Each structure stands twice: as structure tokens, then as C-alpha cells.
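Student: Handing over final-v1.pdb, PDB, C-alpha atoms, pLDDT in the B column.
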ATOM      1  CA  MET A1048     128.655  70.718 146.082  1.00 74.00           C
ATOM      2  CA  LYS A1049     126.778  67.537 145.305  1.00 77.00           C
ATOM      3  CA  ASN A1050     123.489  69.489 144.962  1.00 79.00           C
ATOM      4  CA  MET A1051     125.070  71.959 142.533  1.00 79.00           C
ATOM      5  CA  THR A1052     126.329  69.101 140.355  1.00 83.00           C
ATOM      6  CA  ILE A1053     122.884  67.505 140.280  1.00 80.00           C
ATOM      7  CA  VAL A1054     121.248  70.836 139.373  1.00 77.00           C
ATOM      8  CA  ALA A1055     123.817  71.443 136.597  1.00 75.00           C
ATOM      9  CA  LEU A1056     123.319  67.950 135.128  1.00 70.00           C
ATOM     10  CA  PHE A1057     119.529  68.287 135.330  1.00 71.00           C
ATOM     11  CA  SER A1058     119.674  71.684 133.558  1.00 71.00           C
ATOM     12  CA  LEU A1059     121.924  70.240 130.858  1.00 65.00           C
ATOM     13  CA  PHE A1060     119.499  67.338 130.403  1.00 66.00           C
ATOM     14  CA  LEU A1061     116.530  69.709 130.011  1.00 62.00           C
ATOM     15  CA  MET A1062     118.317  71.909 127.446  1.00 61.00           C
ATOM     16  CA  ALA A1063     119.323  68.882 125.349  1.00 55.00           C
ATOM     17  CA  CYS A1064     115.661  67.812 125.060  1.00 53.00           C
ATOM     18  CA  SER A1065     114.257  71.182 123.966  1.00 52.00           C
ATOM     19  CA  GLN A1066     113.178  71.874 120.408  1.00 57.00           C
ATOM     20  CA  VAL A1067     114.980  74.615 118.540  1.00 54.00           C
ATOM     21  CA  ARG A1068     113.867  75.924 115.155  1.00 56.00           C
ATOM     22  CA  ASP A1069     115.570  78.430 112.969  1.00 56.00           C
ATOM     23  CA  ARG A1070     113.683  81.679 112.658  1.00 55.00           C
ATOM     24  CA  SER A1071     112.364  82.329 109.225  1.00 58.00           C
ATOM     25  CA  GLY A1072     111.111  85.659 107.996  1.00 58.00           C
ATOM     26  CA  ILE A1073     107.607  86.250 106.786  1.00 62.00           C
ATOM     27  CA  GLU A1074     106.634  86.079 103.148  1.00 68.00           C
ATOM     28  CA  LEU A1075     105.966  89.385 101.449  1.00 71.00           C
ATOM     29  CA  ASP A1076     104.245  89.852  98.118  1.00 78.00           C
ATOM     30  CA  LEU A1077     104.666  93.009  96.053  1.00 79.00           C
ATOM     31  CA  TYR A1078     101.770  93.944  93.808  1.00 85.00           C
ATOM     32  CA  PRO A1079     102.308  96.720  91.265  1.00 89.00           C
ATOM     33  CA  ILE A1080      99.323  99.044  90.931  1.00 89.00           C
ATOM     34  CA  THR A1081      99.442 101.063  87.731  1.00 90.00           C
ATOM     35  CA  ALA A1082      97.329 103.991  86.541  1.00 89.00           C
ATOM     36  CA  SER A1083      97.950 105.544  83.161  1.00 88.00           C
ATOM     37  CA  LEU A1084      96.855 108.183  80.696  1.00 89.00           C
ATOM     38  CA  SER A1085      97.272 107.296  77.018  1.00 90.00           C
ATOM     39  CA  MET A1086      96.357 109.536  74.106  1.00 89.00           C
ATOM     40  CA  ASP A1087      97.246 110.619  70.611  1.00 85.00           C
ATOM     41  CA  ALA A1088      98.894 114.032  70.764  1.00 80.00           C
ATOM     42  CA  GLY A1089      97.499 115.233  67.433  1.00 83.00           C
ATOM     43  CA  ASN A1090      95.893 118.294  69.009  1.00 86.00           C
ATOM     44  CA  VAL A1091      98.550 119.480  71.477  1.00 87.00           C
ATOM     45  CA  VAL A1092      96.329 122.099  73.162  1.00 90.00           C
ATOM     46  CA  GLN A1093      93.593 119.560  73.936  1.00 91.00           C
ATOM     47  CA  ALA A1094      96.206 117.001  75.024  1.00 90.00           C
ATOM     48  CA  LYS A1095      97.713 119.556  77.447  1.00 92.00           C
ATOM     49  CA  ARG A1096      94.252 120.121  78.944  1.00 93.00           C
ATOM     50  CA  GLN A1097      93.829 116.378  79.479  1.00 93.00           C
ATOM     51  CA  VAL A1098      97.262 116.168  81.108  1.00 93.00           C
ATOM     52  CA  ASP A1099      96.397 119.110  83.397  1.00 94.00           C
ATOM     53  CA  GLN A1100      93.123 117.449  84.397  1.00 94.00           C
ATOM     54  CA  PHE A1101      94.903 114.122  85.067  1.00 93.00           C
ATOM     55  CA  ILE A1102      97.500 115.882  87.228  1.00 93.00           C
ATOM     56  CA  ILE A1103      94.786 117.656  89.232  1.00 93.00           C
ATOM     57  CA  GLU A1104      92.804 114.432  89.791  1.00 92.00           C
ATOM     58  CA  HIS A1105      95.832 112.320  90.750  1.00 91.00           C
ATOM     59  CA  LYS A1106      98.068 114.846  92.506  1.00 91.00           C
ATOM     60  CA  GLN A1107      98.507 112.831  95.735  1.00 90.00           C
ATOM     61  CA  GLU A1108      99.459 109.662  93.862  1.00 89.00           C
ATOM     62  CA  LEU A1109     101.804 111.535  91.534  1.00 90.00           C
ATOM     63  CA  LEU A1110     103.727 112.947  94.508  1.00 89.00           C
ATOM     64  CA  THR A1111     104.562 109.485  95.852  1.00 87.00           C
ATOM     65  CA  ASP A1112     104.490 107.006  92.938  1.00 88.00           C
ATOM     66  CA  SER A1113     107.080 106.387  90.236  1.00 90.00           C
ATOM     67  CA  ILE A1114     106.160 108.014  86.915  1.00 93.00           C
ATOM     68  CA  GLU A1115     107.058 107.018  83.376  1.00 93.00           C
ATOM     69  CA  LEU A1116     106.490 109.257  80.351  1.00 93.00           C
ATOM     70  CA  PHE A1117     106.499 107.710  76.861  1.00 91.00           C
ATOM     71  CA  ALA A1118     106.620 109.427  73.470  1.00 90.00           C
ATOM     72  CA  SER A1119     107.382 108.327  69.919  1.00 86.00           C
ATOM     73  CA  ASN A1120     107.137 111.476  67.754  1.00 86.00           C
ATOM     74  CA  LYS A1121     107.843 115.205  67.898  1.00 87.00           C
ATOM     75  CA  LYS A1122     104.391 116.314  69.148  1.00 87.00           C
ATOM     76  CA  GLN A1123     104.445 113.663  71.859  1.00 88.00           C
ATOM     77  CA  ARG A1124     107.951 114.701  72.945  1.00 89.00           C
ATOM     78  CA  GLN A1125     106.664 118.272  73.214  1.00 90.00           C
ATOM     79  CA  LEU A1126     103.827 116.978  75.420  1.00 91.00           C
ATOM     80  CA  VAL A1127     106.315 114.952  77.503  1.00 91.00           C
ATOM     81  CA  LYS A1128     108.361 118.110  78.076  1.00 93.00           C
ATOM     82  CA  TYR A1129     105.219 120.015  79.118  1.00 94.00           C
ATOM     83  CA  THR A1130     104.106 117.189  81.435  1.00 93.00           C
ATOM     84  CA  HIS A1131     107.584 116.893  82.964  1.00 94.00           C
ATOM     85  CA  GLN A1132     107.595 120.622  83.788  1.00 94.00           C
ATOM     86  CA  LYS A1133     104.071 120.446  85.265  1.00 94.00           C
ATOM     87  CA  LEU A1134     105.076 117.506  87.476  1.00 94.00           C
ATOM     88  CA  LEU A1135     108.129 119.371  88.762  1.00 93.00           C
ATOM     89  CA  VAL A1136     105.985 122.438  89.514  1.00 93.00           C
ATOM     90  CA  ILE A1137     103.567 120.457  91.723  1.00 93.00           C
ATOM     91  CA  GLY A1138     106.505 119.018  93.692  1.00 92.00           C
ATOM     92  CA  VAL A1139     107.291 115.661  92.091  1.00 91.00           C
ATOM     93  CA  SER A1140     110.944 114.696  92.549  1.00 90.00           C
ATOM     94  CA  LYS A1141     113.127 114.349  89.435  1.00 90.00           C
ATOM     95  CA  GLN A1142     114.142 110.866  90.621  1.00 91.00           C
ATOM     96  CA  GLN A1143     110.523 109.685  90.389  1.00 90.00           C
ATOM     97  CA  ILE A1144     110.194 110.573  86.692  1.00 92.00           C
ATOM     98  CA  SER A1145     111.628 108.506  83.858  1.00 92.00           C
ATOM     99  CA  LEU A1146     111.401 109.455  80.192  1.00 90.00           C
ATOM    100  CA  SER A1147     111.326 107.038  77.271  1.00 87.00           C
ATOM    101  CA  ASP A1148     111.323 107.664  73.531  1.00 82.00           C
ATOM    102  CA  SER A1149     109.261 104.716  72.389  1.00 72.00           C
ATOM    103  CA  THR A1150     105.961 103.028  73.068  1.00 63.00           C
ATOM    104  CA  ALA A1151     104.491  99.925  71.501  1.00 68.00           C
ATOM    105  CA  SER A1152     101.200 101.677  70.742  1.00 70.00           C
ATOM    106  CA  GLY A1153     102.708 104.873  69.295  1.00 77.00           C
ATOM    107  CA  LEU A1154     100.728 107.011  71.751  1.00 86.00           C
ATOM    108  CA  PHE A1155     101.773 109.496  74.406  1.00 90.00           C
ATOM    109  CA  GLU A1156     101.551 107.770  77.756  1.00 91.00           C
ATOM    110  CA  LEU A1157     101.872 108.896  81.360  1.00 91.00           C
ATOM    111  CA  ARG A1158     102.101 105.853  83.617  1.00 92.00           C
ATOM    112  CA  MET A1159     102.377 105.887  87.404  1.00 91.00           C
ATOM    113  CA  THR A1160     103.138 102.767  89.412  1.00 90.00           C
ATOM    114  CA  LYS A1161     103.110 102.113  93.118  1.00 87.00           C
ATOM    115  CA  PHE A1162     103.824  98.847  94.867  1.00 82.00           C
ATOM    116  CA  HIS A1163     101.481  97.431  97.470  1.00 78.00           C
ATOM    117  CA  VAL A1164     103.183  95.208 100.063  1.00 74.00           C
ATOM    118  CA  LYS A1165     101.065  92.292 101.292  1.00 74.00           C
ATOM    119  CA  SER A1166     102.319  90.146 104.137  1.00 68.00           C
ATOM    120  CA  GLY A1167     101.410  86.492 104.590  1.00 66.00           C
ATOM    121  CA  GLN A1168      98.331  85.289 106.406  1.00 68.00           C
ATOM    122  CA  CYS A1169      98.935  84.843 110.133  1.00 68.00           C
ATOM    123  CA  HIS A1170      97.355  81.949 112.032  1.00 64.00           C
ATOM    124  CA  TYR A1171      95.780  82.322 115.444  1.00 65.00           C
ATOM    125  CA  VAL A1172      97.964  81.206 118.326  1.00 63.00           C
ATOM    126  CA  ASN A1173      96.389  78.910 120.889  1.00 64.00           C
ATOM    127  CA  TYR A1174      97.660  77.072 123.919  1.00 59.00           C
ATOM    128  CA  ASN A1175      98.224  73.775 122.088  1.00 62.00           C
ATOM    129  CA  SER A1176     100.220  75.340 119.270  1.00 57.00           C
ATOM    130  CA  LEU A1177     102.668  76.878 121.742  1.00 55.00           C
ATOM    131  CA  SER A1178     103.871  73.437 122.827  1.00 57.00           C
ATOM    132  CA  THR A1179     104.178  71.984 119.315  1.00 57.00           C
ATOM    133  CA  MET A1180     106.098  74.931 117.819  1.00 53.00           C
ATOM    134  CA  SER A1181     104.159  74.376 114.582  1.00 53.00           C
ATOM    135  CA  ASP A1182     102.900  77.930 114.045  1.00 51.00           C
ATOM    136  CA  ASP A1183     104.959  80.996 113.284  1.00 57.00           C
ATOM    137  CA  HIS A1184     104.361  82.985 116.469  1.00 58.00           C
ATOM    138  CA  GLY A1185     106.155  86.102 115.225  1.00 62.00           C
ATOM    139  CA  CYS A1186     104.002  86.478 112.114  1.00 68.00           C
ATOM    140  CA  ASN A1187     101.688  89.164 113.541  1.00 67.00           C
ATOM    141  CA  VAL A1188     104.580  91.202 114.874  1.00 70.00           C
ATOM    142  CA  GLU A1189     106.472  91.029 111.559  1.00 70.00           C
ATOM    143  CA  SER A1190     103.317  91.808 109.583  1.00 70.00           C
ATOM    144  CA  ASN A1191     102.616  94.891 111.719  1.00 73.00           C
ATOM    145  CA  ARG A1192     106.243  95.986 111.407  1.00 74.00           C
ATOM    146  CA  TRP A1193     106.100  95.854 107.592  1.00 71.00           C
ATOM    147  CA  THR A1194     102.768  97.674 107.555  1.00 71.00           C
ATOM    148  CA  SER A1195     104.184 100.461 109.700  1.00 74.00           C
ATOM    149  CA  MET A1196     107.250 100.810 107.446  1.00 72.00           C
ATOM    150  CA  THR A1197     105.438 100.790 104.102  1.00 65.00           C
ATOM    151  CA  ASN A1198     102.212 102.611 105.077  1.00 62.00           C
ATOM    152  CA  PRO A1199     102.586 104.275 108.472  1.00 64.00           C
ATOM    153  CA  GLU A1200      99.203 105.961 108.148  1.00 60.00           C
ATOM    154  CA  ARG A1201      97.472 102.566 107.854  1.00 58.00           C
ATOM    155  CA  SER A1202      99.168 101.096 110.918  1.00 56.00           C
ATOM    156  CA  LEU A1203      97.223 103.456 113.170  1.00 57.00           C
ATOM    157  CA  GLY A1204      93.895 101.896 112.221  1.00 53.00           C
ATOM    158  CA  SER A1205      91.040 104.343 112.591  1.00 44.00           C
ATOM    159  CA  ILE A1206      93.086 107.003 114.431  1.00 45.00           C
ATOM    160  CA  GLY A1207      93.369 110.190 112.416  1.00 42.00           C
ATOM    161  CA  LYS A1208      90.637 109.382 109.879  1.00 40.00           C
TER     162      LYS A1208
END
What would the structure in this file look like if it were written as C-alpha cells?
Tutor:
Amino acid sequence: MKNMTIVALFSLFLMACSQVRDRSGIELDLYPITASLSMDAGNVVQAKRQVDQFIIEHKQELLTDSIELFASNKKQRQLVKYTHQKLLVIGVSKQQISLSDSTASGLFELRMTKFHVKSGQCHYVNYNSLSTMSDDHGCNVESNRWTSMTNPERSLGSIGK
């Protein structure tokens, strides 16, 4: 009984001397990446050709990014309607497309935006830093977790390329 009491007191003493830090999440930065097509819709036929070419060149991005269509006059609204239909035909979701009736420049504009998630820089863990609790030891795990959620194809590294 006396040994059990000594062991319990010694364990309590060791737990009272340990360092405990609150876990904090990693820092994430969101960077918007925007590509756009701006033009005057004076010649609707030529403008439709440019829209078709833009859609062909950027099909993969258009399927995943958010898209905004801007128009300020009747010809541009006609081009917005045409572009909206073309986007739906190639498989873009209606929720990804937003329409607006005004632009600052007075031009037809198709703008697509995607957000790139960048996690904070992780420091190397060494033997000495484990005892001081100064580094964030879960940074690499959290960074990899965010990479796999936002861009699963990139988390595999060179596999599948």
C-alpha cells in the first residue's frame, strides 16, 4: 500500500511539472487567381467566335472555377446569353455562373476566379526542439491534410502524371 501511494504521488508530481500548450491551427492564405476575356461586342459574330475560342482553350478551368459575366448594353447582354448557354452545354454548373448588368469599363467581360490555398511554412523538427515545445510539430500533417482536401491530385506527388 505504501508503494502504491509513493507511485501515485510521484506520478502526480511529474504531471504537475509538464508543459502543456494549447493547440493552434495552421495559417492558411487564400490567393484569388483570375483569368478574364474583355471585349467590345460591336461585331457580335466576331465576339461569339472569340468567346468560343476562349471556352475551348480554358474548358478545364471553366468546369471548376467560379464564372462572372458582365454586360452593360443590349449587344453585350445578347453575348452574355450566348456565353451562358455555351457554358451550360460544356457542363458548367448554373451555381458557378453569376450574371451582372454593369461593368466599370463598359465592355463585355467573362471572368473566372479560382482560389489557391497556401499553408504556412513548416519548420524542420529536430531532437532539441521536441524538448522545448517551441515548434509546431503538427504543421506538416495539417499542411498535407489541407493539400489533400483542396487539390487531391497534387497530394499524390508524381503518381499519375
Student: Calculated over only C-alpha atoms, which of the candidates A:Phe1057, A:Phe1155, A:Tyr1078, A:Phe1117 has the smallest distance to A:Asn1090?
Tutor: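 With only C-alpha atoms as the atom set, the closest residue is A:Phe1155.
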Student: With distances taken over all atoms listed in the file, which residue among A:Ala1088, A:Val1098, A:Leu1154, A:Leu1135 lies nearest A:Ser1119?
Tutor: A:Leu1154
Student: Enter the distance from atom CA of A:Gln1123 to atom CA of A:Ile1102, in Å, rounded to one decimal.
Tutor: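 These atoms are spaced 17.0 Å apart.
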Student: Please measure the separation of atom CA of A:Asp1076 and atom CA of A:Ser1113, giving the value in Å to one decimal.
Tutor: 18.5 Å
Student: Using atom CA of A:Asp1099 and atom CA of A:Lys1141 as the two end points, give the distance in Å to one decimal.
Tutor: 18.4 Å
Student: Taking into account all atoms listed in the file, which residue in the set A:Leu1126, A:Met1196, A:Ala1082, A:Ala1118 is nearest to A:Arg1096?
Tutor: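 Among A:Leu1126, A:Met1196, A:Ala1082, A:Ala1118, it is A:Leu1126 that comes nearest to A:Arg1096.
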Student: Would you mind telling me which residue in A:Arg1192, A:Lys1049, A:His1163, A:His1105 lies nearest to A:Leu1134 when using all atoms listed in the file?
Tutor: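 Among the listed residues, the smallest separation from A:Leu1134 belongs to A:His1105.
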Student: Edge lengths and centre, in Å to one decimal, as AutoDock Vina command-line options: that's what I need for the box along x, y and z that holds all listed atoms of stretch 1137-1153 of chain A plus 5 Å on each side.
Tutor:
--center_x 107.7 --center_y 110.2 --center_z 81.5 --size_x 22.9 --size_y 30.5 --size_z 34.4
Student: Expanded to explicit residues, what is the PyMOL selection byres ((chain A and resi 1147) around 9) for this file, as number ranges by chain?
Tutor: A: 1115-1119, 1145-1146, 1148-1150
Student: Have a look at A:Val1091, A:Met1086, A:Leu1075, A:Val1127 and name the one nearest to A:Phe1162; count all atoms listed in the file.
Tutor: A:Leu1075
Student: The PyMOL selection byres ((chain A and resi 1107-1112) around 9) - which residues does that actually catch in the file I just gave you? List them as a ChimeraX atom specification.
Tutor: /A:1102-1106,1113-1114,1134,1137-1140,1143,1159-1162
Student: Atoms to include: C-alpha atoms. Write the selected residues as a PDB file, in the frame of the given file.
Tutor:
ATOM      1  CA  ILE A1102      97.500 115.882  87.228  1.00 93.00           C
ATOM      2  CA  ILE A1103      94.786 117.656  89.232  1.00 93.00           C
ATOM      3  CA  GLU A1104      92.804 114.432  89.791  1.00 92.00           C
ATOM      4  CA  HIS A1105      95.832 112.320  90.750  1.00 91.00           C
ATOM      5  CA  LYS A1106      98.068 114.846  92.506  1.00 91.00           C
ATOM      6  CA  SER A1113     107.080 106.387  90.236  1.00 90.00           C
ATOM      7  CA  ILE A1114     106.160 108.014  86.915  1.00 93.00           C
ATOM      8  CA  LEU A1134     105.076 117.506  87.476  1.00 94.00           C
ATOM      9  CA  ILE A1137     103.567 120.457  91.723  1.00 93.00           C
ATOM     10  CA  GLY A1138     106.505 119.018  93.692  1.00 92.00           C
ATOM     11  CA  VAL A1139     107.291 115.661  92.091  1.00 91.00           C
ATOM     12  CA  SER A1140     110.944 114.696  92.549  1.00 90.00           C
ATOM     13  CA  GLN A1143     110.523 109.685  90.389  1.00 90.00           C
ATOM     14  CA  MET A1159     102.377 105.887  87.404  1.00 91.00           C
ATOM     15  CA  THR A1160     103.138 102.767  89.412  1.00 90.00           C
ATOM     16  CA  LYS A1161     103.110 102.113  93.118  1.00 87.00           C
ATOM     17  CA  PHE A1162     103.824  98.847  94.867  1.00 82.00           C
TER      18      PHE A1162
END
